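A.B. asks: Got data.cif for you, mmCIF, C-alpha atoms:
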```
data_input
#
loop_
_atom_site.label_atom_id
_atom_site.label_comp_id
_atom_site.auth_asym_id
_atom_site.auth_seq_id
_atom_site.Cartn_x
_atom_site.Cartn_y
_atom_site.Cartn_z
CA MET A 29 -15.16 -27.78 20.55
CA ALA A 30 -14.58 -26.18 17.13
CA PHE A 31 -11.44 -27.22 15.29
CA PHE A 32 -10.78 -23.83 13.65
CA SER A 33 -10.06 -20.86 15.88
CA ALA A 34 -12.10 -17.67 16.13
CA ARG A 35 -8.93 -15.94 14.97
CA LEU A 36 -9.34 -17.48 11.53
CA GLU A 37 -12.53 -15.49 10.94
CA ARG A 38 -10.53 -12.28 11.36
CA ALA A 39 -7.97 -13.32 8.73
CA ARG A 40 -10.03 -12.15 5.78
CA ILE A 41 -8.91 -12.21 2.16
CA SER A 42 -8.47 -8.67 0.83
CA ALA A 43 -10.63 -7.30 -1.97
CA SER A 44 -7.65 -6.89 -4.29
CA ALA A 45 -6.32 -10.41 -3.62
CA ALA A 46 -9.77 -11.94 -4.12
CA SER A 47 -10.23 -10.06 -7.39
CA ALA A 48 -6.78 -11.07 -8.63
CA GLN A 49 -7.45 -14.72 -7.77
CA ARG A 50 -10.80 -14.65 -9.58
CA THR A 51 -9.03 -13.18 -12.62
CA ARG A 52 -6.53 -16.04 -12.64
CA GLU A 53 -9.32 -18.61 -12.37
CA LEU A 54 -11.33 -17.11 -15.22
CA ARG A 55 -8.28 -16.86 -17.46
CA ALA A 56 -7.45 -20.50 -16.73
CA ALA A 57 -10.98 -21.33 -17.87
CA GLY A 58 -10.41 -19.48 -21.14
CA VAL A 59 -12.34 -16.30 -20.30
CA ASP A 60 -11.04 -13.03 -21.75
CA ILE A 61 -10.45 -10.88 -18.66
CA ILE A 62 -8.38 -7.73 -18.24
CA GLY A 63 -7.10 -7.74 -14.67
CA LEU A 64 -6.67 -4.32 -13.06
CA SER A 65 -6.67 -5.63 -9.49
CA GLN A 66 -3.08 -6.35 -8.57
CA GLY A 67 -0.91 -3.68 -6.98
CA GLU A 68 2.18 -4.87 -8.80
CA PRO A 69 4.43 -3.07 -11.29
CA ASP A 70 4.48 -4.83 -14.64
CA PHE A 71 8.17 -4.01 -15.14
CA PRO A 72 10.83 -6.67 -14.54
CA THR A 73 13.23 -6.64 -11.61
CA PRO A 74 16.36 -4.74 -12.73
CA ASP A 75 19.12 -6.96 -14.16
CA HIS A 76 21.77 -5.83 -11.68
CA VAL A 77 19.51 -6.90 -8.80
CA ILE A 78 19.01 -10.37 -10.28
CA GLU A 79 22.76 -10.68 -10.87
CA ALA A 80 23.47 -9.70 -7.26
CA ALA A 81 21.11 -12.43 -6.05
CA HIS A 82 22.89 -14.96 -8.26
CA ARG A 83 26.28 -13.91 -6.90
CA ALA A 84 25.00 -14.17 -3.34
CA MET A 85 23.79 -17.72 -3.93
CA ARG A 86 27.10 -18.72 -5.51
CA ALA A 87 28.91 -17.19 -2.55
CA GLY A 88 26.95 -19.35 -0.13
CA GLN A 89 24.61 -16.68 1.23
CA THR A 90 21.84 -19.24 1.53
CA ARG A 91 21.71 -19.74 5.29
CA TYR A 92 19.87 -18.21 8.21
CA THR A 93 20.60 -14.57 8.93
CA PRO A 94 19.78 -12.44 11.98
CA VAL A 95 16.01 -12.43 12.46
CA ASP A 96 15.35 -8.91 11.21
CA GLY A 97 18.11 -8.45 8.65
CA THR A 98 21.82 -8.75 7.97
CA PRO A 99 24.17 -6.00 9.14
CA GLU A 100 24.92 -5.20 5.49
CA LEU A 101 21.24 -4.74 4.65
CA LYS A 102 20.60 -2.65 7.75
CA GLN A 103 23.50 -0.36 6.93
CA THR A 104 22.23 -0.02 3.36
CA ILE A 105 18.76 0.92 4.65
CA ILE A 106 20.31 3.47 7.02
CA GLU A 107 22.14 5.06 4.08
CA LYS A 108 18.97 5.05 1.98
CA PHE A 109 17.05 6.95 4.67
CA ARG A 110 19.92 9.43 5.08
CA ARG A 111 20.37 9.96 1.34
CA GLU A 112 16.74 10.10 0.21
CA ASN A 113 14.73 11.12 3.26
CA ARG A 114 17.19 13.08 5.41
CA LEU A 115 16.46 10.72 8.31
CA VAL A 116 19.12 9.47 10.72
CA PHE A 117 18.88 5.95 12.15
CA LYS A 118 21.16 3.35 13.73
CA ALA A 119 21.11 -0.40 13.18
CA GLU A 120 19.02 -0.83 16.33
CA ASN A 121 16.28 1.23 14.65
CA ILE A 122 16.00 -0.99 11.52
CA SER A 123 13.94 -4.11 10.90
CA ALA A 124 13.72 -6.13 7.66
CA GLY A 125 10.95 -8.61 6.97
CA ALA A 126 9.22 -10.58 4.25
CA GLY A 127 7.64 -7.53 2.65
CA GLY A 128 6.30 -4.31 4.08
CA LYS A 129 3.19 -6.23 5.10
CA GLN A 130 5.16 -8.30 7.61
CA ILE A 131 6.64 -5.13 9.10
CA LEU A 132 3.12 -3.79 9.61
CA TYR A 133 1.94 -7.12 11.00
CA ASN A 134 4.82 -7.36 13.45
CA ALA A 135 4.22 -3.82 14.72
CA LEU A 136 0.49 -4.30 15.26
CA MET A 137 0.84 -7.75 16.80
CA ALA A 138 3.52 -6.46 19.16
CA THR A 139 1.54 -3.44 20.37
CA LEU A 140 -2.24 -3.98 20.15
CA ASP A 141 -4.34 -5.41 22.95
CA ALA A 142 -8.02 -6.25 22.63
CA GLY A 143 -10.02 -3.08 22.08
CA ASP A 144 -7.10 -0.82 21.19
CA GLU A 145 -8.00 1.52 18.33
CA VAL A 146 -6.17 2.30 15.10
CA VAL A 147 -7.20 5.42 13.17
CA ILE A 148 -7.30 4.73 9.44
CA PRO A 149 -8.21 7.33 6.80
CA ALA A 150 -10.75 5.97 4.33
CA PRO A 151 -10.00 4.91 1.70
CA SER A 152 -6.85 3.05 2.72
CA TRP A 153 -5.07 -0.17 1.89
CA VAL A 154 -7.26 -3.08 2.96
CA ALA A 155 -4.54 -4.75 5.06
CA TYR A 156 -4.50 -2.00 7.71
CA ALA A 157 -7.99 -2.80 8.98
CA ILE A 158 -7.71 -6.56 8.49
CA MET A 159 -4.45 -6.80 10.43
CA THR A 160 -5.80 -4.52 13.14
CA GLU A 161 -8.77 -6.82 13.63
CA PHE A 162 -6.55 -9.89 13.53
CA ALA A 163 -4.57 -8.42 16.42
CA GLU A 164 -7.89 -7.86 18.27
CA GLY A 165 -7.73 -4.13 17.73
CA VAL A 166 -10.51 -1.89 16.42
CA PRO A 167 -10.08 -0.05 13.11
CA VAL A 168 -11.52 3.46 13.25
CA TRP A 169 -12.25 4.51 9.69
CA VAL A 170 -12.22 8.27 9.04
CA PRO A 171 -13.95 8.99 5.70
CA THR A 172 -12.27 11.44 3.36
CA THR A 173 -13.64 13.06 0.22
CA PRO A 174 -12.48 13.89 -3.31
CA GLU A 175 -12.72 17.56 -2.28
CA SER A 176 -10.05 17.00 0.39
CA GLY A 177 -7.95 14.99 -2.06
CA PHE A 178 -8.85 11.86 -0.06
CA LYS A 179 -6.66 13.17 2.77
CA ILE A 180 -7.54 13.26 6.46
CA THR A 181 -7.60 16.73 7.99
CA ALA A 182 -6.29 17.86 11.36
CA LEU A 183 -9.86 18.41 12.60
CA GLN A 184 -10.89 14.90 11.56
CA LEU A 185 -7.83 13.40 13.23
CA GLU A 186 -8.49 15.25 16.48
CA ALA A 187 -12.09 14.04 16.51
CA ALA A 188 -11.09 10.42 15.84
CA ILE A 189 -8.60 10.08 18.71
CA THR A 190 -9.92 8.56 21.93
CA THR A 191 -8.40 7.18 25.11
CA ARG A 192 -8.12 3.80 23.32
CA THR A 193 -6.22 5.09 20.28
CA LYS A 194 -2.81 3.49 19.91
CA TRP A 195 -1.86 4.08 16.25
CA VAL A 196 -2.64 6.42 13.37
CA MET A 197 -2.03 5.03 9.88
CA LEU A 198 -0.73 7.34 7.17
CA ASN A 199 0.01 6.24 3.61
CA SER A 200 1.43 8.77 1.15
CA PRO A 201 1.29 8.28 -1.79
CA SER A 202 -1.87 6.39 -0.98
CA ASN A 203 -3.18 3.04 -2.04
CA PRO A 204 -5.92 3.23 -3.36
CA SER A 205 -6.48 6.97 -3.94
CA GLY A 206 -3.02 8.19 -4.98
CA ALA A 207 -3.24 11.03 -2.45
CA VAL A 208 0.06 12.69 -1.54
CA TYR A 209 0.33 14.75 1.65
CA SER A 210 2.26 18.00 1.41
CA PRO A 211 4.80 18.92 4.11
CA ASP A 212 2.39 21.52 5.50
CA GLU A 213 -0.46 18.99 5.69
CA LEU A 214 1.79 16.55 7.53
CA ARG A 215 2.85 19.24 9.98
CA GLU A 216 -0.80 20.07 10.68
CA LEU A 217 -1.46 16.41 11.53
CA ALA A 218 1.71 16.36 13.66
CA ALA A 219 0.46 19.35 15.66
CA VAL A 220 -2.60 17.31 16.64
CA LEU A 221 -0.51 14.28 17.54
CA GLU A 222 1.80 16.37 19.72
CA ARG A 223 -1.21 16.87 21.99
CA HIS A 224 -1.69 13.09 22.28
CA PRO A 225 1.63 11.63 23.46
CA GLU A 226 0.16 8.14 23.86
CA VAL A 227 -0.63 7.82 20.13
CA TRP A 228 1.94 6.34 17.73
CA ILE A 229 2.20 7.01 14.00
CA LEU A 230 2.80 4.46 11.28
CA THR A 231 3.81 6.09 7.99
CA ASP A 232 3.68 3.73 5.00
CA ASP A 233 6.01 5.19 2.38
CA MET A 234 5.97 2.24 0.00
CA TYR A 235 5.12 4.36 -3.06
CA GLU A 236 7.50 7.24 -2.29
CA HIS A 237 9.17 7.17 -5.73
CA ILE A 238 5.92 7.13 -7.71
CA VAL A 239 4.88 10.78 -7.40
CA PHE A 240 3.58 12.84 -10.32
CA ASP A 241 3.57 16.38 -11.71
CA GLY A 242 6.95 17.23 -10.21
CA ARG A 243 5.63 17.35 -6.63
CA PRO A 244 8.10 16.35 -3.91
CA PHE A 245 7.76 13.39 -1.59
CA VAL A 246 8.20 14.07 2.11
CA SER A 247 7.85 11.37 4.74
CA PHE A 248 5.88 12.15 7.88
CA ALA A 249 9.03 11.24 9.80
CA GLU A 250 10.92 14.05 8.06
CA ALA A 251 8.09 16.57 8.42
CA ALA A 252 7.66 15.84 12.14
CA PRO A 253 11.06 14.99 13.66
CA GLN A 254 9.73 15.90 17.12
CA LEU A 255 7.62 12.72 16.99
CA ALA A 256 10.51 10.40 16.11
CA ASP A 257 10.21 8.53 19.40
CA ARG A 258 6.79 7.21 18.36
CA THR A 259 6.95 7.02 14.58
CA LEU A 260 7.45 3.84 12.55
CA VAL A 261 8.44 4.31 8.89
CA VAL A 262 7.54 1.39 6.60
CA ASN A 263 9.01 0.90 3.15
CA GLY A 264 10.32 -1.84 0.89
CA ALA A 265 11.69 -2.95 -2.44
CA SER A 266 8.43 -4.15 -4.00
CA LYS A 267 7.05 -1.10 -5.79
CA THR A 268 10.17 0.95 -6.46
CA TYR A 269 12.25 -1.90 -7.87
CA SER A 270 9.53 -4.27 -9.14
CA MET A 271 10.47 -6.85 -6.51
CA THR A 272 7.03 -7.89 -5.27
CA GLY A 273 7.81 -11.61 -5.36
CA TRP A 274 11.14 -11.20 -3.57
CA ARG A 275 9.24 -10.29 -0.38
CA LEU A 276 11.57 -7.76 1.17
CA GLY A 277 10.28 -4.86 3.25
CA TYR A 278 11.79 -2.81 6.02
CA GLY A 279 10.88 -0.45 8.82
CA ALA A 280 12.62 2.17 10.92
CA GLY A 281 11.55 3.28 14.35
CA PRO A 282 12.35 3.49 18.06
CA ALA A 283 14.64 0.68 19.24
CA PRO A 284 12.19 -0.78 21.83
CA LEU A 285 9.54 -1.20 19.14
CA ILE A 286 12.05 -2.70 16.69
CA ARG A 287 13.11 -5.25 19.33
CA ALA A 288 9.48 -6.16 20.01
CA MET A 289 8.84 -6.60 16.29
CA ALA A 290 11.85 -8.92 16.02
CA ARG A 291 10.41 -11.07 18.79
CA MET A 292 7.19 -11.40 16.83
CA GLN A 293 9.02 -12.23 13.62
CA ALA A 294 11.12 -14.86 15.41
CA GLN A 295 7.93 -16.77 16.14
CA SER A 296 6.65 -16.72 12.57
CA SER A 297 9.06 -16.59 9.64
CA LEU A 298 12.44 -15.93 11.25
CA ASN A 299 14.61 -13.96 8.84
CA PRO A 300 13.51 -12.76 5.41
CA SER A 301 15.15 -14.67 2.54
CA SER A 302 18.92 -14.26 2.66
CA ILE A 303 18.96 -14.04 -1.13
CA SER A 304 16.30 -11.33 -1.19
CA GLN A 305 18.30 -9.37 1.37
CA ALA A 306 21.36 -9.45 -0.89
CA ALA A 307 19.19 -8.39 -3.81
CA ALA A 308 17.75 -5.48 -1.83
CA VAL A 309 21.25 -4.26 -0.99
CA ALA A 310 21.98 -4.13 -4.72
CA ALA A 311 18.67 -2.39 -5.46
CA LEU A 312 19.17 0.33 -2.83
CA ASN A 313 22.87 0.87 -3.56
CA GLY A 314 22.76 0.48 -7.33
CA PRO A 315 21.88 2.80 -10.22
CA GLN A 316 18.56 4.56 -9.77
CA ASP A 317 17.89 5.72 -13.34
CA LEU A 318 15.23 3.04 -13.89
CA VAL A 319 13.25 4.38 -10.95
CA ALA A 320 12.74 7.75 -12.65
CA GLN A 321 12.05 6.15 -16.03
CA ARG A 322 9.37 3.90 -14.63
CA ARG A 323 7.77 6.72 -12.66
CA ALA A 324 7.52 8.66 -15.94
CA GLU A 325 5.84 5.68 -17.62
CA PHE A 326 3.27 5.45 -14.82
CA GLU A 327 2.57 9.16 -15.22
CA THR A 328 2.07 8.68 -18.97
CA ARG A 329 -0.44 5.91 -18.27
CA ARG A 330 -2.24 8.01 -15.69
CA ASN A 331 -2.57 10.88 -18.14
CA ALA A 332 -3.99 8.54 -20.75
CA ILE A 333 -6.47 6.62 -18.63
CA VAL A 334 -8.00 9.37 -16.50
CA PRO A 335 -9.85 11.16 -19.34
CA LEU A 336 -11.01 7.81 -20.73
CA ILE A 337 -12.64 6.84 -17.43
CA GLN A 338 -14.02 10.34 -16.91
CA ALA A 339 -15.78 9.95 -20.28
CA VAL A 340 -17.61 6.80 -19.16
CA PRO A 341 -21.24 7.67 -18.29
CA GLY A 342 -21.78 7.46 -14.53
CA LEU A 343 -18.10 7.10 -13.53
CA ALA A 344 -15.88 9.80 -12.07
CA CYS A 345 -12.30 10.05 -10.86
CA GLU A 346 -9.63 12.61 -10.09
CA PRO A 347 -6.03 12.32 -11.36
CA PRO A 348 -4.01 10.67 -8.58
CA GLU A 349 -0.99 12.56 -7.28
CA GLY A 350 1.06 9.39 -6.88
CA ALA A 351 1.11 5.56 -6.76
CA PHE A 352 -0.45 3.70 -9.71
CA TYR A 353 -4.13 3.55 -8.84
CA LEU A 354 -7.33 5.39 -9.66
CA TYR A 355 -10.13 5.44 -7.11
CA VAL A 356 -13.19 5.56 -9.34
CA SER A 357 -16.59 6.70 -8.11
CA CYS A 358 -19.40 4.52 -9.49
CA GLU A 359 -22.17 6.40 -7.72
CA GLY A 360 -23.68 7.19 -11.11
CA TRP A 361 -24.24 3.48 -11.71
CA ILE A 362 -25.92 2.77 -8.36
CA GLY A 363 -29.64 2.12 -8.81
CA LYS A 364 -29.35 1.28 -12.50
CA ARG A 365 -30.02 -2.11 -14.04
CA THR A 366 -27.80 -4.34 -16.13
CA PRO A 367 -28.96 -5.80 -19.46
CA ALA A 368 -29.77 -8.96 -17.48
CA GLY A 369 -32.12 -6.95 -15.26
CA LYS A 370 -30.03 -6.92 -12.06
CA GLU A 371 -30.10 -3.73 -10.06
CA LEU A 372 -26.71 -2.35 -9.03
CA VAL A 373 -27.14 -1.60 -5.32
CA THR A 374 -23.53 -1.52 -4.09
CA ASP A 375 -20.03 -1.17 -5.48
CA THR A 376 -19.73 -4.95 -5.02
CA ASP A 377 -22.57 -5.30 -7.55
CA VAL A 378 -20.76 -2.91 -9.87
CA VAL A 379 -17.54 -4.91 -9.66
CA ALA A 380 -19.43 -8.14 -10.41
CA TYR A 381 -21.02 -6.47 -13.46
CA LEU A 382 -17.63 -5.27 -14.68
CA LEU A 383 -16.25 -8.77 -14.28
CA ASP A 384 -19.03 -10.04 -16.53
CA SER A 385 -17.97 -7.27 -18.93
CA GLY A 386 -14.38 -8.51 -19.02
CA VAL A 387 -12.70 -6.19 -16.49
CA ALA A 388 -11.58 -7.26 -13.01
CA VAL A 389 -11.28 -4.58 -10.30
CA PRO A 390 -11.69 -4.63 -6.48
CA GLU A 391 -14.63 -2.87 -4.85
CA GLY A 392 -14.21 0.21 -2.71
CA ALA A 393 -15.96 -1.35 0.30
CA GLY A 394 -12.75 -3.21 1.14
CA TYR A 395 -10.86 0.11 1.25
CA GLY A 396 -13.38 1.65 3.62
CA LEU A 397 -15.18 4.05 1.27
CA SER A 398 -18.07 3.31 -1.11
CA PRO A 399 -19.35 3.44 -3.80
CA TYR A 400 -15.99 3.23 -5.57
CA PHE A 401 -13.71 0.71 -7.20
CA ARG A 402 -9.95 0.74 -7.61
CA VAL A 403 -8.15 0.57 -10.94
CA SER A 404 -4.47 -0.34 -11.08
CA PHE A 405 -2.72 1.18 -14.08
CA ALA A 406 0.38 -0.95 -13.55
CA THR A 407 -0.21 -2.66 -16.88
CA SER A 408 0.29 -1.86 -20.55
CA LEU A 409 -1.36 1.16 -22.13
CA ASP A 410 -3.05 -1.07 -24.71
CA GLN A 411 -4.65 -3.15 -21.96
CA LEU A 412 -5.73 -0.03 -20.10
CA LYS A 413 -7.37 1.45 -23.18
CA GLU A 414 -9.21 -1.79 -23.90
CA ALA A 415 -10.38 -1.98 -20.29
CA CYS A 416 -11.74 1.57 -20.57
CA ARG A 417 -13.52 0.65 -23.79
CA ARG A 418 -15.19 -2.27 -22.02
CA MET A 419 -16.18 -0.07 -19.06
CA ASP A 420 -17.67 2.47 -21.43
CA ALA A 421 -19.71 -0.21 -23.19
CA ALA A 422 -20.87 -1.58 -19.84
CA GLY A 423 -21.92 1.88 -18.68
CA ARG A 424 -23.88 2.62 -21.83
CA ALA A 425 -25.72 -0.71 -21.55
CA LEU A 426 -27.23 0.22 -18.16
CA SER A 427 -30.81 1.43 -17.88
#
```
Would it be possible to restate this file's structure as structure tokens?

C.D. replies:
Amino acid sequence: MAFFSARLERARISASAASAQRTRELRAAGVDIIGLSQGEPDFPTPDHVIEAAHRAMRAGQTRYTPVDGTPELKQTIIEKFRRENRLVFKAENISAGAGGKQILYNALMATLDAGDEVVIPAPSWVAYAIMTEFAEGVPVWVPTTPESGFKITALQLEAAITTRTKWVMLNSPSNPSGAVYSPDELRELAAVLERHPEVWILTDDMYEHIVFDGRPFVSFAEAAPQLADRTLVVNGASKTYSMTGWRLGYGAGPAPLIRAMARMQAQSSLNPSSISQAAAVAALNGPQDLVAQRRAEFETRRNAIVPLIQAVPGLACEPPEGAFYLYVSCEGWIGKRTPAGKELVTDTDVVAYLLDSGVAVPEGAGYGLSPYFRVSFATSLDQLKEACRRMDAAGRALS
């Protein structure tokens, strides 16, 4: 009898996490590496949020809380959805967890049986497919194209739905492509889903405040209120308020699903950190000027890095509409040889070659669409420019 479970094989390390870990290891060994793997804002957590956490600790808010969030946090989240997204929820519709990832995990673990299918546009965040498989579900990747803005169409969605489909994953702005769905595009997808009442929708809005060129953000839940009884909205403090390490995410959805998710969470982590919950209340209720300032900085970086990568022989990318990633096609490098004589056959080979060239990025295979790699521009402009210089040199050295 094997000691480790078969389940362990399904708990894979994501491409971005593996790349980030390799970057840390190489740096510890003294290697000069520019890491563009981590999906983490390089800005600090706002001072007023840190001060609120300190006050909460001094006030004794260091004990267990209700499993899926304090009443104060839930009310704050309700007000956030009303104020920013024009969505109306009650406390019974809100769940807080240790990051948006736990909200996703709870929902999938509470609803998927073996063989149930989850429709996932490709490319998409690696965790969707990994968590689906962990819950014994089947990820159904639907490839998108640069021509469609890396967005799934209504026709593609209709074709992907089967009698085993339980969820459709939507992420706007998207990790890794930066795609942002317009209200009309969301309504077209909703029209398809109205014909399939057994299919639920998970809308991951984690990057809602990082949208460029003056375009609006609209959640699927706002665009399709008629599907509220089977829509789960996922969000969190990580990206908007630079609170990745605080591990505080939240979801809003139908009360029966929220109760089921709480049961799952009760058997894993119990409540999210009481201190992080107090900090999130301050973040959501406090001044929001930094949010707009940081979005503008990300847009400045995007505008600087896109033409630099487009100038690299064999690489191509489109300006993302939101988030802080570029999804870079390396098709022009496939089939070429490195100075060491190795043929680049896959985007995994390309990523390994770039690592040897001093730039760490995750391969597109993990996001469901090859041959690409993802670049995070959540780092300084100087580092981004140097990374582009190294990519350019690597590209020109191929034969």

A.B. asks: In Å, how far is it from CA of Val356 (chain A) to CA of Ser42 (chain A)?

C.D. replies: 18.1 Å

A.B. asks: Written as a list in words, which residues does the PyMOL selection byres ((chain A and resi 155) around 9) give for the file shown?

C.D. replies: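 Expected selection for the PyMOL selection byres ((chain A and resi 155) around 9) here is Ser42, Lys129, Leu132, Ser152, Trp153, Val154, Tyr156, Ala157, Ile158, Met159, Thr160 and Tyr395 of chain A.
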
A.B. asks: Would you write out, as CSV, a table of all residues in region 222-291 of chain A that have an atom no more than 8 Å from an atom of region 296-318 of chain A, listing for each the closest atom pair and the distance in Å to one decimal, considering all atoms listed in the file and ordering rows by chain and rising residue number?

C.D. replies:
```
residue,atom,partner,partner_atom,distance
A:Ala265,CA,A:Ala308,CA,6.6
A:Tyr269,CA,A:Ala311,CA,6.9
A:Trp274,CA,A:Ser304,CA,5.7
A:Arg275,CA,A:Ser304,CA,7.2
A:Leu276,CA,A:Ser304,CA,6.4
```

A.B. asks: Apply the PyMOL selection byres ((chain A and resi 407-413) around 10) to the structure shown and report the selected residues as an NGL selection string.

C.D. replies: :A and (62-64 or 66-71 or 325-326 or 328-330 or 332-333 or 336-337 or 352 or 387 or 403-406 or 414-419)

A.B. asks: When you count all atoms listed in the file, which of these residues is closest to Ile286 (chain A): A:Ser266, A:Thr98, A:Gln103, A:Thr259?

C.D. replies: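 The shortest atom-to-atom distance to Ile286 (chain A) comes from A:Thr259.
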
A.B. asks: Which of these residues is nearest to Val77 (chain A), using all atoms listed in the file: A:Val373, A:Leu255, A:Ala368, A:Met271?

C.D. replies: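 Of the candidates, the smallest distance to Val77 (chain A) is held by A:Met271.
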
A.B. asks: List the spatial neighbours of Arg52 (chain A) as a list in words - criterion: any atom at most 12 Å away, all atoms listed in the file, same-chain residues fewer than 3 positions off excluded.

C.D. replies: Ala45, Ala46, Ser47, Ala48, Gln49, Arg55, Ala56, Ala57, Gly58, Val59, Asp60, Ile61, Ile62, Gly63, Leu64, Ser65, Gln66 and Ala388 of chain A

A.B. asks: Translate the PyMOL selection byres ((chain A and resi 235) around 10), as applied to the file shown, into an explicit residue set as number ranges by chain.

C.D. replies: A: 199-203, 206, 208, 232-234, 236-239, 245, 263-268, 350-352

A.B. asks: From the list A:Gly88, A:Pro347, A:Gly177, A:Ala43, which residue is nearest Asp375 (chain A) when using only C-alpha atoms?

C.D. replies: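 Looking at the shortest contact to Asp375 (chain A), the residue is A:Ala43.
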
A.B. asks: Please indicate the distance in Å from CA of Pro282 (chain A) to CA of Ala163 (chain A), rounded to one decimal place.

C.D. replies: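 Pair CA of Pro282 (chain A) / CA of Ala163 (chain A) returns 20.8 Å.
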
A.B. asks: Suppose you want the space between CA of Ala294 (chain A) and CA of Gly125 (chain A); what is it in Å?

C.D. replies: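 Computed distance, CA of Ala294 (chain A) to CA of Gly125 (chain A), equals 10.5 Å.
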
A.B. asks: I need the residue nearest Ala124 (chain A) from this list: A:Pro94, A:Gly369, A:Gly363, A:Pro253. Use all atoms listed in the file for the distance.

C.D. replies: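 Smallest distance to Ala124 (chain A) is found for A:Pro94.
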
A.B. asks: Please determine, counting only C-alpha atoms, which residue among A:Ser210, A:Gln293, A:Thr376, A:Thr193 has the shortest atom-to-atom distance to Thr181 (chain A).

C.D. replies: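 With only C-alpha atoms as the atom set, the closest residue is A:Ser210.
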
A.B. asks: Excluding Ile180 (chain A) and residues on its chain fewer than 6 positions from it, collect all residues at most 10 Å away from it, counting all atoms listed in the file, and give them as a PyMOL selection string.

C.D. replies: chain A and resi 148-151+170-173+198+209+213-214+217

A.B. asks: Which is closest to Arg35 (chain A) among A:Phe109, A:Phe162, A:Phe248, A:Trp169, if we use all atoms listed in the file?

C.D. replies: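 Counting all atoms listed in the file, the residue closest to Arg35 (chain A) is A:Phe162.
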
A.B. asks: If you count only C-alpha atoms, which residues fall within 7 Å of Val147 (chain A), apart from same-chain ones fewer than 2 positions away, as a PyMOL selection string?

C.D. replies: chain A and resi 145+149+167-169+188+195-197

A.B. asks: Any chance you could export the current selection's C-alpha atoms as a PDB file, in the frame of the given file?

C.D. replies:
```
ATOM      1  CA  GLU A 145      -8.000   1.520  18.330  1.00  0.00           C
ATOM      2  CA  PRO A 149      -8.210   7.330   6.800  1.00  0.00           C
ATOM      3  CA  PRO A 167     -10.080  -0.050  13.110  1.00  0.00           C
ATOM      4  CA  VAL A 168     -11.520   3.460  13.250  1.00  0.00           C
ATOM      5  CA  TRP A 169     -12.250   4.510   9.690  1.00  0.00           C
ATOM      6  CA  ALA A 188     -11.090  10.420  15.840  1.00  0.00           C
ATOM      7  CA  TRP A 195      -1.860   4.080  16.250  1.00  0.00           C
ATOM      8  CA  VAL A 196      -2.640   6.420  13.370  1.00  0.00           C
ATOM      9  CA  MET A 197      -2.030   5.030   9.880  1.00  0.00           C
TER      10      MET A 197
END
```

A.B. asks: Give me the residues within 12 Å of Pro284 (chain A) as a list in words, counting all atoms listed in the file and dropping any in the same chain fewer than 2 places off.

C.D. replies: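 Close residues of Pro284 (chain A): Glu120, Asn121, Ile122, Ser123, Ala135, Ala138, Thr139, Asp257, Arg258, Thr259, Leu260, Ala280, Gly281, Pro282, Ile286, Arg287, Ala288, Met289, Ala290 and Arg291 of chain A.
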